[in-house]
Every structure is written in structure tokens, then in C-alpha cells.
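Read the structure below first, then the notes.
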Amino acid sequence: MIEIRIHGRGGQGAVVASKILALSFFIEGYEVQSFPAFGVERRGAPVCAFARVDKEPIRLRSEIYKPDHIIILDYNLIDTVDVSDGLKPGGTALINAPKEFINTEKINASKIGCVDAAEIAIKHRLGSATSPIINTAIIGAFAGLTGLLKIESISEAIMQETPIKKEANVEAAKVAFEQIEIIKNNS
């Protein structure tokens, strides 16, 4: 079983990202679960979303406490939330930030990748300059970092799951897939 935890802030698209991620795996023949966990439901508040995938039926029904992979939509969360809590040995972390913004010492992951998904979203006019919607770009970067998904599956899931700007979202995912930078690799 592969378990993925997404850390973000309300309004960044973490919940939709988990849905697109799960649908991408489903397209590739996996059984999937996708679900959010909210604290205070307001824009800007920390949120978690989860995706669980397996080739066998998934019977587990809990939050993900020991993820294989973490995705961090707001690098500022690293200073306030233990985003790598429970990350399995050999786990990966993907961070939405330019490389120079990331302190790898605060993240307990064997492999850390980053991509400036916010900049990619802004260039593709996804959201606004002050509040870019980065979910599709970050999923493309996840595929590039982990090699677990084909970009074609992600593109198909985006076309099914995003309500507007489908082509721009697909292009953002493809750009992020190509621009992923690995900043730590001990795997």
C-alpha cells in the first residue's frame, strides 16, 4: 500500500490535489482512497488531505499517520507543523518552493524534491498572483519526483476533475513534471 499525506492551507487546493492524485492512480489500475482532514475550516488555516493506493482492495479507514510520501503546498508550514511526522524510512517529501527557500534539516525524508508550483500556476493564470492554485502543478511534480505515475494519467485525471481551465491545469502539471528539482537523495 502507498500512503500519501498532503499538507497545505485552506484555499490552496489540497483536497482537489488528493482527488486528482487518487484518480490518476485509479486510471493506472489501482484501488484508491482520497479524503481530507480539517481543523478550523477557513481560508489559510492548515489542512491535510490524504491518498491511499494499492493493487488490492483497501479496507483501512483512518487518517494516514505513517505516510510513504508527503507533499507540502506551503513551505512556511515546515516551521509550524511537523510535516514529516511519521514519514516512513525511505520516504519522500515534495515541497512547493524555490530550492533556496528550503531548509532540508527540518524534514525527515530520504528524498526531498522541490518545485515552484506557485510560479508555474501564476504563469498559467491558475488563481491569482497573490493566491495561486497550485494543486495540478504539484501533482505533476509528484509524478516527476517519485516515478509512480505517468504524466498522461495525471493529464486525464485533471481533465476529468478540474471544473475550469482544464488545458492550463494540464500544462502546469507537465511543466512541474519537467521542473522538479531533487535537493536531497539518500534513497
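Identifiers in this document derive from the order of the C-alpha cells: chains are assigned A, B, ..., residues are numbered from 1 separately in each chain, and ligands are numbered from 1 in order of occurrence.
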
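Taking only C-alpha atoms, the non-local environment of Phe26 in chain A within 10 Å (same-chain residues fewer than 5 positions away omitted) comprises A:Ile20, A:Leu21, A:Glu31, A:Val32, A:Gln33, A:Val53, A:Asp54, A:Lys55, A:Ser153, A:Ala157.
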
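Proximity to His7 in chain A was assessed for A:Ile151, A:Ile158, A:Ala37, A:Leu73 counting only C-alpha atoms; the smallest distance is recorded for A:Leu73.
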
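All residues within range 122-152 of chain A that the backbone DSSP calculation assigns to helix (DSSP H, G or I) are Ile122, Lys123, Asn135, Thr136, Ala137, Ile138, Ile139, Gly140, Ala141, Phe142, Ala143, Gly144, Leu145, Thr146, Ile151 and Glu152 of chain A.
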
Residues from last step as file, N, CA and C atoms, as a short mmCIF file (atom, residue, chain, number, x, y, z; two decimals), in the first residue's frame:
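So selection_39.cif came out as:
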data_model
loop_
_atom_site.label_atom_id
_atom_site.label_comp_id
_atom_site.auth_asym_id
_atom_site.auth_seq_id
_atom_site.Cartn_x
_atom_site.Cartn_y
_atom_site.Cartn_z
N ILE A 122 0.93 30.75 -11.46
CA ILE A 122 0.76 32.16 -11.85
C ILE A 122 0.96 32.31 -13.36
N LYS A 123 1.99 31.69 -13.90
CA LYS A 123 2.26 31.79 -15.34
C LYS A 123 1.13 31.20 -16.18
N ASN A 135 -2.53 23.06 -7.08
CA ASN A 135 -2.75 21.61 -6.93
C ASN A 135 -2.35 20.79 -8.15
N THR A 136 -2.66 21.24 -9.34
CA THR A 136 -2.33 20.42 -10.50
C THR A 136 -0.82 20.42 -10.78
N ALA A 137 -0.18 21.56 -10.57
CA ALA A 137 1.28 21.61 -10.76
C ALA A 137 1.98 20.68 -9.78
N ILE A 138 1.53 20.68 -8.54
CA ILE A 138 2.22 19.87 -7.53
C ILE A 138 2.04 18.37 -7.81
N ILE A 139 0.91 17.98 -8.37
CA ILE A 139 0.70 16.57 -8.71
C ILE A 139 1.62 16.17 -9.87
N GLY A 140 1.79 17.05 -10.83
CA GLY A 140 2.75 16.78 -11.90
C GLY A 140 4.16 16.61 -11.35
N ALA A 141 4.54 17.48 -10.42
CA ALA A 141 5.86 17.39 -9.79
C ALA A 141 6.00 16.10 -8.99
N PHE A 142 4.93 15.67 -8.32
CA PHE A 142 4.96 14.41 -7.57
C PHE A 142 5.29 13.24 -8.49
N ALA A 143 4.67 13.22 -9.65
CA ALA A 143 4.95 12.15 -10.62
C ALA A 143 6.41 12.21 -11.07
N GLY A 144 6.91 13.40 -11.29
CA GLY A 144 8.30 13.55 -11.70
C GLY A 144 9.28 13.13 -10.62
N LEU A 145 8.95 13.41 -9.38
CA LEU A 145 9.83 13.08 -8.25
C LEU A 145 9.84 11.58 -7.96
N THR A 146 8.67 10.98 -7.94
CA THR A 146 8.56 9.59 -7.48
C THR A 146 8.60 8.56 -8.61
N ILE A 151 2.62 10.96 -16.61
CA ILE A 151 2.03 12.30 -16.77
C ILE A 151 0.74 12.22 -17.58
N GLU A 152 0.60 11.23 -18.43
CA GLU A 152 -0.63 11.07 -19.21
C GLU A 152 -1.82 10.73 -18.31
#

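Take CA of Tyr75 in chain A and CA of Ala97 in chain A: the distance between them is 6.3 Å.
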